[in-house]
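> Following this message is one structure expressed as structure tokens.
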Amino acid sequence: MSKIPSLPSLDRLPPPARAAFLLDFDGTLVDIAPTPESVVVAPGLLDTLRRLRDKCGNALAVISGRPIDQIDHFLGDVPYAVAGEHGIAIRHAPGQAIERTPLPPVPAAWLEQADRLAQAHPGVRIERKKAGLVLHYRGAPDAGEALGKVADGWVAATGGAFHVQAAKMAWEIRPAGIDKGHAVEVLMQSAPFAGRSPIFVGDDVTDEDGIRMAVHLGGVGFRIPADFPDPAAFRGWLAQLAQGGRDAWGD
């Protein structure tokens, strides 16, 4: 088996018995697609994740901005734990109930105005979530600045209850105080993650909170494209780890 390509901080990767993997979905496990529904799970990825989960004693989680049911649609019960909506919703194990953080509702006026913005800017897509919404402008790049100003105006009137998070060709409006770092912290408090070193991998601004928390807890964080050129390279690296072998990952 060929060795894993040399990557920054790889020497700090803990052995399987002490490792916990917490992975972003879009742009990390799967390639970015024009719409959230059109992403494709690459052949072999599910098998890779199953092998990795087995090697790490089930300490494998996906932490995404998507709702948990969307992660289930693409990955089934392969991840042991899933955190959705940037940590607002967390399921600690397959089949368990989803825990949701109580949060303020999204004002109806925002939703109405968002729909009007989408009509005024063809290509803009509005993604509604239970505790927020996302203004996607990948299909209308020139609308990005105007949408950002609207989103900033919305949250400025909430007294800090909501904030705007820049994402890839999108503005996400969500409750303040809950992020992917929160999800990492919560998951690492219980089995099978407790007592292990978290390894967080992501690609977007929203993943920085997860990376910071993983490092704070004594683990490591990797970024795409800083540490991996693209999701395909990360999937290949992950497959080598999952297949095991002393040459690929020290025991």
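In the structure tokens, chains take the letters A, B, ... in the order shown, each chain's residues start at 1, and ligands count up from 1 in the order shown.
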If we count only C-alpha atoms and set the cut-off at 10 Å, which residues sit around Glu208 in chain A, ignoring sequence neighbours fewer than 4 positions away in its own chain? Please answer as a list of chain:residue names.

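Residues meeting the cut-off are A:Asp179, A:Lys180, A:Gly181, A:Phe200, A:Val201, A:Gly202, A:Asp203, A:Asp204, A:Arg212, A:Met213, A:Ala214, A:Gly221, A:Phe222, A:Arg223.
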
> Just the strand (DSSP E or B) stuff from range 45-212 of chain A, please, per backbone DSSP, written as number ranges by chain.

A: 60-63, 81-84, 89-91, 99-100, 125-129, 132-136, 162-167, 170-175, 197-202

> May I have all residues of range 108-237 of chain A that DSSP, computed from the backbone, assigns to alpha helix (DSSP H), given as number ranges by chain?

A: 108-120, 144-156, 180-187, 208-216, 231-237

> Keeping only C-alpha atoms, write the selected residues to a file as a PDB file, in the first residue's frame.


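Ended up saving to again38.pdb:
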ATOM      1  CA  ALA A 108     -42.160  35.660   9.206  1.00  0.00           C
ATOM      2  CA  ALA A 109     -41.327  39.037   7.646  1.00  0.00           C
ATOM      3  CA  TRP A 110     -37.835  37.760   6.786  1.00  0.00           C
ATOM      4  CA  LEU A 111     -39.251  34.768   4.973  1.00  0.00           C
ATOM      5  CA  GLU A 112     -41.678  36.906   3.003  1.00  0.00           C
ATOM      6  CA  GLN A 113     -38.966  39.370   2.018  1.00  0.00           C
ATOM      7  CA  ALA A 114     -36.601  36.522   1.112  1.00  0.00           C
ATOM      8  CA  ASP A 115     -39.180  35.123  -1.298  1.00  0.00           C
ATOM      9  CA  ARG A 116     -39.539  38.543  -2.900  1.00  0.00           C
ATOM     10  CA  LEU A 117     -35.758  38.803  -3.254  1.00  0.00           C
ATOM     11  CA  ALA A 118     -35.641  35.447  -5.020  1.00  0.00           C
ATOM     12  CA  GLN A 119     -38.285  36.634  -7.460  1.00  0.00           C
ATOM     13  CA  ALA A 120     -36.402  39.881  -8.087  1.00  0.00           C
ATOM     14  CA  GLY A 144     -24.524  38.711  -3.455  1.00  0.00           C
ATOM     15  CA  GLU A 145     -23.794  42.204  -2.164  1.00  0.00           C
ATOM     16  CA  ALA A 146     -27.443  43.262  -2.115  1.00  0.00           C
ATOM     17  CA  LEU A 147     -28.499  40.089  -0.327  1.00  0.00           C
ATOM     18  CA  GLY A 148     -25.772  40.576   2.266  1.00  0.00           C
ATOM     19  CA  LYS A 149     -26.989  44.082   3.044  1.00  0.00           C
ATOM     20  CA  VAL A 150     -30.544  42.830   3.509  1.00  0.00           C
ATOM     21  CA  ALA A 151     -29.379  40.039   5.813  1.00  0.00           C
ATOM     22  CA  ASP A 152     -27.286  42.464   7.863  1.00  0.00           C
ATOM     23  CA  GLY A 153     -30.319  44.711   8.242  1.00  0.00           C
ATOM     24  CA  TRP A 154     -32.435  41.838   9.493  1.00  0.00           C
ATOM     25  CA  VAL A 155     -30.061  40.705  12.224  1.00  0.00           C
ATOM     26  CA  ALA A 156     -29.156  44.240  13.343  1.00  0.00           C
ATOM     27  CA  LYS A 180     -19.967  23.752  14.685  1.00  0.00           C
ATOM     28  CA  GLY A 181     -17.610  24.325  17.590  1.00  0.00           C
ATOM     29  CA  HIS A 182     -20.562  23.852  19.918  1.00  0.00           C
ATOM     30  CA  ALA A 183     -21.380  20.582  18.136  1.00  0.00           C
ATOM     31  CA  VAL A 184     -17.809  19.319  18.526  1.00  0.00           C
ATOM     32  CA  GLU A 185     -17.810  20.192  22.226  1.00  0.00           C
ATOM     33  CA  VAL A 186     -21.133  18.447  22.882  1.00  0.00           C
ATOM     34  CA  LEU A 187     -20.282  15.283  20.944  1.00  0.00           C
ATOM     35  CA  GLU A 208     -13.501  27.346  11.452  1.00  0.00           C
ATOM     36  CA  ASP A 209     -15.434  27.119  14.724  1.00  0.00           C
ATOM     37  CA  GLY A 210     -15.226  23.331  14.589  1.00  0.00           C
ATOM     38  CA  ILE A 211     -11.510  23.421  13.866  1.00  0.00           C
ATOM     39  CA  ARG A 212     -10.853  25.827  16.733  1.00  0.00           C
ATOM     40  CA  MET A 213     -12.785  23.670  19.184  1.00  0.00           C
ATOM     41  CA  ALA A 214     -11.025  20.484  18.037  1.00  0.00           C
ATOM     42  CA  VAL A 215      -7.653  22.133  18.640  1.00  0.00           C
ATOM     43  CA  HIS A 216      -8.848  23.523  21.985  1.00  0.00           C
ATOM     44  CA  PRO A 231     -12.727  16.785  -1.625  1.00  0.00           C
ATOM     45  CA  ALA A 232     -11.515  14.032  -3.974  1.00  0.00           C
ATOM     46  CA  ALA A 233      -8.025  14.217  -2.487  1.00  0.00           C
ATOM     47  CA  PHE A 234      -9.472  14.140   1.021  1.00  0.00           C
ATOM     48  CA  ARG A 235     -11.629  11.110   0.165  1.00  0.00           C
ATOM     49  CA  GLY A 236      -8.567   9.293  -1.162  1.00  0.00           C
ATOM     50  CA  TRP A 237      -6.593  10.085   1.990  1.00  0.00           C
TER      51      TRP A 237
END

> As a list in words, please: the residues near Gln165 in chain A (cut-off 9 Å, only C-alpha atoms, same-chain neighbours under 3 positions excluded).

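Counting only C-alpha atoms, the residues come to Ala170, Trp171, Glu172, Ile173, Arg174, Val205 and Thr206 of chain A.
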
> Can you write just those residues out, C-alpha atoms, as a PDB file, in the first residue's frame?


ATOM      1  CA  ALA A 170     -24.402  32.258   0.283  1.00  0.00           C
ATOM      2  CA  TRP A 171     -25.393  34.223   3.368  1.00  0.00           C
ATOM      3  CA  GLU A 172     -26.663  32.150   6.260  1.00  0.00           C
ATOM      4  CA  ILE A 173     -28.794  33.753   8.949  1.00  0.00           C
ATOM      5  CA  ARG A 174     -28.928  31.691  12.117  1.00  0.00           C
ATOM      6  CA  VAL A 205     -15.851  29.678   6.988  1.00  0.00           C
ATOM      7  CA  THR A 206     -18.510  27.915   9.057  1.00  0.00           C
TER       8      THR A 206
END

> Please provide as a list in words all residues within 12 Å of Ile98 in chain A, with the sequence filter that same-chain residues fewer than 2 positions apart are discarded (counting only C-alpha atoms).

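My reading of the contact set: Pro67, Ile68, Asp69, Ala81, Val82, Ala83, Gly84, Glu85, Gly87, Ile88, Ala89, Ile90, Arg91, His92, Ala93, Pro94, Gly95, Gln96, Arg100 and Thr101 of chain A.
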
> Identify which of the residues A:Gly123, A:Gly139, A:Pro198, A:Pro175 lies closest to Pro107 in chain A, counting only C-alpha atoms when measuring atom-to-atom distances.

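Nearest candidate to Pro107 in chain A out of A:Gly123, A:Gly139, A:Pro198, A:Pro175: A:Pro175.
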
> Go ahead and compute the interatomic distance for CA of Val124 in chain A and CA of Gly160 in chain A, in Å to one decimal.

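About the pair CA of Val124 in chain A and CA of Gly160 in chain A: they are 26.1 Å apart.
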
> Report, in Å with one decimal, the straight-line distance from CA of His163 in chain A to CA of Ala176 in chain A.

5.6 Å

> Please determine, counting only C-alpha atoms, which residue among A:Gln240, A:Asn58, A:Gln70, A:Thr28 has the shortest atom-to-atom distance to Phe193 in chain A.

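Closest to Phe193 in chain A, using only C-alpha atoms: A:Asn58.
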
> For CA of Asp26 in chain A and CA of Ala61 in chain A, determine how far apart the two atoms are, in Å to one decimal place.

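Answer for the CA of Asp26 in chain A to CA of Ala61 in chain A separation: 14.0 Å.
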